[in-house]
$ cat work_36.cif   # mmCIF, N, CA and C atoms
data_coords
loop_
_atom_site.label_atom_id
_atom_site.label_comp_id
_atom_site.auth_asym_id
_atom_site.auth_seq_id
_atom_site.Cartn_x
_atom_site.Cartn_y
_atom_site.Cartn_z
N MET Y 1229 96.52 78.36 151.51
CA MET Y 1229 97.00 77.05 151.85
C MET Y 1229 97.91 77.19 153.07
N ALA Y 1230 97.86 76.19 153.93
CA ALA Y 1230 98.68 76.22 155.13
C ALA Y 1230 99.32 74.85 155.35
N ASN Y 1231 100.55 74.86 155.82
CA ASN Y 1231 101.23 73.64 156.24
C ASN Y 1231 101.07 73.52 157.74
N VAL Y 1232 100.57 72.39 158.18
CA VAL Y 1232 100.37 72.17 159.62
C VAL Y 1232 101.20 70.96 160.01
N ARG Y 1233 102.13 71.19 160.91
CA ARG Y 1233 102.98 70.11 161.41
C ARG Y 1233 102.71 69.95 162.90
N ARG Y 1234 102.54 68.70 163.31
CA ARG Y 1234 102.34 68.45 164.73
C ARG Y 1234 102.85 67.06 165.08
N THR Y 1235 103.06 66.86 166.37
CA THR Y 1235 103.53 65.57 166.87
C THR Y 1235 102.56 65.09 167.93
N SER Y 1236 102.15 63.85 167.80
CA SER Y 1236 101.29 63.21 168.80
C SER Y 1236 102.04 62.01 169.32
N GLY Y 1237 102.53 62.11 170.54
CA GLY Y 1237 103.40 61.05 171.06
C GLY Y 1237 104.69 61.08 170.28
N GLU Y 1238 105.01 59.98 169.63
CA GLU Y 1238 106.23 59.91 168.82
C GLU Y 1238 105.93 59.99 167.32
N VAL Y 1239 104.66 60.21 166.97
CA VAL Y 1239 104.27 60.24 165.56
C VAL Y 1239 104.18 61.68 165.08
N ALA Y 1240 105.02 62.03 164.10
CA ALA Y 1240 104.98 63.37 163.50
C ALA Y 1240 104.05 63.32 162.30
N THR Y 1241 103.21 64.34 162.17
CA THR Y 1241 102.30 64.41 161.02
C THR Y 1241 102.47 65.74 160.32
N HIS Y 1242 102.11 65.75 159.06
CA HIS Y 1242 102.14 66.95 158.24
C HIS Y 1242 100.84 67.00 157.46
N TRP Y 1243 100.11 68.08 157.63
CA TRP Y 1243 98.84 68.29 156.94
C TRP Y 1243 99.00 69.47 155.99
N VAL Y 1244 98.45 69.37 154.82
CA VAL Y 1244 98.34 70.50 153.91
C VAL Y 1244 96.87 70.88 153.92
N SER Y 1245 96.59 72.08 154.38
CA SER Y 1245 95.22 72.53 154.56
C SER Y 1245 94.86 73.56 153.49
N MET Y 1246 93.89 73.22 152.68
CA MET Y 1246 93.36 74.15 151.67
C MET Y 1246 92.16 74.86 152.29
N GLN Y 1247 92.19 76.17 152.34
CA GLN Y 1247 91.12 76.92 152.97
C GLN Y 1247 90.41 77.79 151.94
N PHE Y 1248 89.10 77.79 152.01
CA PHE Y 1248 88.28 78.56 151.10
C PHE Y 1248 87.30 79.39 151.90
N ALA Y 1249 87.00 80.56 151.43
CA ALA Y 1249 86.00 81.41 152.07
C ALA Y 1249 84.82 81.57 151.11
N VAL Y 1250 83.64 81.41 151.65
CA VAL Y 1250 82.43 81.55 150.85
C VAL Y 1250 81.41 82.36 151.63
N LEU Y 1251 80.53 83.02 150.92
CA LEU Y 1251 79.45 83.75 151.55
C LEU Y 1251 78.23 82.83 151.57
N ILE Y 1252 77.67 82.61 152.75
CA ILE Y 1252 76.54 81.69 152.89
C ILE Y 1252 75.43 82.32 153.71
N GLU Y 1253 74.28 81.72 153.64
CA GLU Y 1253 73.18 82.05 154.54
C GLU Y 1253 73.20 80.99 155.64
N PRO Y 1254 73.62 81.31 156.86
CA PRO Y 1254 73.79 80.31 157.90
C PRO Y 1254 72.57 79.41 158.13
N PHE Y 1255 71.37 79.97 158.00
CA PHE Y 1255 70.17 79.17 158.25
C PHE Y 1255 69.89 78.15 157.15
N GLU Y 1256 70.59 78.26 156.02
CA GLU Y 1256 70.41 77.30 154.93
C GLU Y 1256 71.41 76.14 154.98
N VAL Y 1257 72.39 76.20 155.88
CA VAL Y 1257 73.41 75.16 155.98
C VAL Y 1257 72.84 73.96 156.72
N THR Y 1258 73.06 72.78 156.16
CA THR Y 1258 72.61 71.54 156.81
C THR Y 1258 73.77 70.55 156.86
N LEU Y 1259 73.67 69.59 157.76
CA LEU Y 1259 74.67 68.53 157.86
C LEU Y 1259 74.37 67.47 156.81
N SER Y 1260 75.34 67.17 155.98
CA SER Y 1260 75.13 66.13 154.97
C SER Y 1260 75.52 64.75 155.48
N GLU Y 1261 76.26 64.71 156.58
CA GLU Y 1261 76.67 63.43 157.18
C GLU Y 1261 76.40 63.46 158.68
N PRO Y 1262 75.14 63.47 159.09
CA PRO Y 1262 74.83 63.58 160.52
C PRO Y 1262 75.35 62.41 161.35
N ASP Y 1263 75.64 61.27 160.71
CA ASP Y 1263 76.19 60.13 161.45
C ASP Y 1263 77.67 60.35 161.79
N ARG Y 1264 78.31 61.32 161.14
CA ARG Y 1264 79.73 61.60 161.39
C ARG Y 1264 79.95 62.91 162.13
N ILE Y 1265 79.00 63.82 162.04
CA ILE Y 1265 79.13 65.14 162.65
C ILE Y 1265 77.99 65.31 163.64
N GLY Y 1266 78.33 65.51 164.91
CA GLY Y 1266 77.31 65.58 165.95
C GLY Y 1266 76.43 66.81 165.90
N ASN Y 1267 77.03 67.96 165.57
CA ASN Y 1267 76.24 69.19 165.51
C ASN Y 1267 76.98 70.24 164.70
N LEU Y 1268 76.28 71.29 164.39
CA LEU Y 1268 76.83 72.42 163.65
C LEU Y 1268 76.55 73.66 164.48
N THR Y 1269 77.60 74.37 164.85
CA THR Y 1269 77.46 75.55 165.70
C THR Y 1269 78.24 76.70 165.10
N TRP Y 1270 77.67 77.89 165.12
CA TRP Y 1270 78.33 79.09 164.61
C TRP Y 1270 78.91 79.86 165.79
N PHE Y 1271 80.11 80.40 165.63
CA PHE Y 1271 80.77 81.16 166.68
C PHE Y 1271 81.17 82.52 166.16
N GLY Y 1272 81.08 83.52 167.01
CA GLY Y 1272 81.53 84.86 166.69
C GLY Y 1272 82.88 85.13 167.33
N GLU Y 1273 83.40 86.31 167.06
CA GLU Y 1273 84.70 86.69 167.64
C GLU Y 1273 84.64 86.60 169.16
N GLY Y 1274 85.63 85.95 169.74
CA GLY Y 1274 85.69 85.80 171.18
C GLY Y 1274 84.89 84.64 171.72
N ASP Y 1275 84.10 83.98 170.87
CA ASP Y 1275 83.27 82.86 171.31
C ASP Y 1275 83.79 81.50 170.86
N VAL Y 1276 84.89 81.47 170.11
CA VAL Y 1276 85.43 80.21 169.59
C VAL Y 1276 85.97 79.39 170.76
N PRO Y 1277 85.49 78.17 170.94
CA PRO Y 1277 85.95 77.36 172.07
C PRO Y 1277 87.39 76.90 171.92
N ALA Y 1278 88.02 76.57 173.02
CA ALA Y 1278 89.38 76.04 173.01
C ALA Y 1278 89.33 74.54 172.72
N GLY Y 1279 90.49 73.98 172.43
CA GLY Y 1279 90.59 72.54 172.27
C GLY Y 1279 90.20 72.02 170.91
N LEU Y 1280 90.17 72.88 169.91
CA LEU Y 1280 89.83 72.43 168.56
C LEU Y 1280 91.11 72.05 167.80
N HIS Y 1281 90.98 71.73 166.54
CA HIS Y 1281 92.13 71.30 165.73
C HIS Y 1281 93.26 72.33 165.83
N PRO Y 1282 94.51 71.88 165.94
CA PRO Y 1282 95.63 72.81 166.12
C PRO Y 1282 95.83 73.78 164.95
N ALA Y 1283 95.26 73.51 163.79
CA ALA Y 1283 95.40 74.43 162.66
C ALA Y 1283 94.45 75.61 162.77
N LEU Y 1284 93.44 75.52 163.62
CA LEU Y 1284 92.42 76.56 163.69
C LEU Y 1284 92.94 77.93 164.11
N PRO Y 1285 93.79 78.06 165.12
CA PRO Y 1285 94.25 79.40 165.50
C PRO Y 1285 94.93 80.15 164.34
N GLY Y 1286 95.78 79.48 163.60
CA GLY Y 1286 96.43 80.13 162.46
C GLY Y 1286 95.44 80.54 161.38
N LEU Y 1287 94.47 79.67 161.12
CA LEU Y 1287 93.44 79.99 160.13
C LEU Y 1287 92.64 81.21 160.58
N LEU Y 1288 92.25 81.24 161.85
CA LEU Y 1288 91.49 82.40 162.35
C LEU Y 1288 92.29 83.69 162.25
N ASP Y 1289 93.59 83.61 162.54
CA ASP Y 1289 94.44 84.80 162.41
C ASP Y 1289 94.47 85.30 160.97
N ARG Y 1290 94.51 84.38 160.01
CA ARG Y 1290 94.57 84.79 158.59
C ARG Y 1290 93.25 85.36 158.09
N VAL Y 1291 92.12 84.83 158.57
CA VAL Y 1291 90.83 85.30 158.06
C VAL Y 1291 90.21 86.41 158.90
N ALA Y 1292 90.75 86.65 160.10
CA ALA Y 1292 90.18 87.65 161.00
C ALA Y 1292 89.93 89.01 160.33
N PRO Y 1293 90.89 89.56 159.57
CA PRO Y 1293 90.63 90.86 158.95
C PRO Y 1293 89.46 90.84 157.97
N HIS Y 1294 89.23 89.71 157.33
CA HIS Y 1294 88.14 89.60 156.35
C HIS Y 1294 86.78 89.45 157.04
N LEU Y 1295 86.81 89.04 158.31
CA LEU Y 1295 85.58 88.91 159.09
C LEU Y 1295 85.30 90.14 159.93
N GLY Y 1296 86.23 91.10 159.90
CA GLY Y 1296 86.08 92.27 160.76
C GLY Y 1296 86.49 91.99 162.19
N TRP Y 1297 87.24 90.90 162.42
CA TRP Y 1297 87.70 90.51 163.75
C TRP Y 1297 89.12 91.01 163.93
N SER Y 1298 89.52 91.17 165.19
CA SER Y 1298 90.93 91.36 165.49
C SER Y 1298 91.58 89.99 165.44
N ALA Y 1299 92.91 89.92 165.34
CA ALA Y 1299 93.58 88.63 165.30
C ALA Y 1299 93.21 87.85 166.57
N THR Y 1300 92.83 86.62 166.40
CA THR Y 1300 92.30 85.81 167.49
C THR Y 1300 93.08 84.52 167.60
N ARG Y 1301 93.30 84.09 168.80
CA ARG Y 1301 93.88 82.76 169.02
C ARG Y 1301 92.83 81.93 169.74
N ALA Y 1302 92.42 80.83 169.07
CA ALA Y 1302 91.40 79.94 169.68
C ALA Y 1302 92.04 79.09 170.74
#

$ encode --input "work_36.cif" --output "structure tokens"
Amino acid sequence: MANVRRTSGEVATHWVSMQFAVLIEPFEVTLSEPDRIGNLTWFGEGDVPAGLHPALPGLLDRVAPHLGWSATRA
């Protein structure tokens, strides 16, 4: 679990993020809400794009050892 605090303009927000790790077959994953999610893309170490949710860098740092990655900042 992670606490994510951020400010957008003058609005402060607090998110509680529950994170789970599962073993999946990537080719079996499908979008269940294609009207809300434009695409599904898999990224490897060093390929994670910038500009994603601000909680992502901390999550990647926590899971990096379990993925065989070095600590990464997206």

$ closest_residue --input "work_36.cif" --among "Y:Val1291, Y:Ser1298, Y:Glu1261, Y:Glu1256" --to "Y:Gly1274" --atoms "only C-alpha atoms"
Y:Ser1298

$ select_by_dssp --input "work_36.cif" --residues "stretch 1242-1296 of chain Y" --states "strand (DSSP E)" --output "NGL selection string"
:Y and (1242-1245)

$ closest_residue --input "work_36.cif" --among "Y:Leu1284, Y:Gly1296, Y:Thr1258, Y:Ile1252" --to "Y:Gly1272" --atoms "only C-alpha atoms"
Y:Gly1296

$ atom_distance --input "work_36.cif" --atom1 "atom N of Y:His1281" --atom2 "atom CA of Y:His1242"
14.7 Å

$ atom_distance --input "work_36.cif" --atom1 "atom C of Y:Trp1297" --atom2 "atom N of Y:Met1246"
21.6 Å
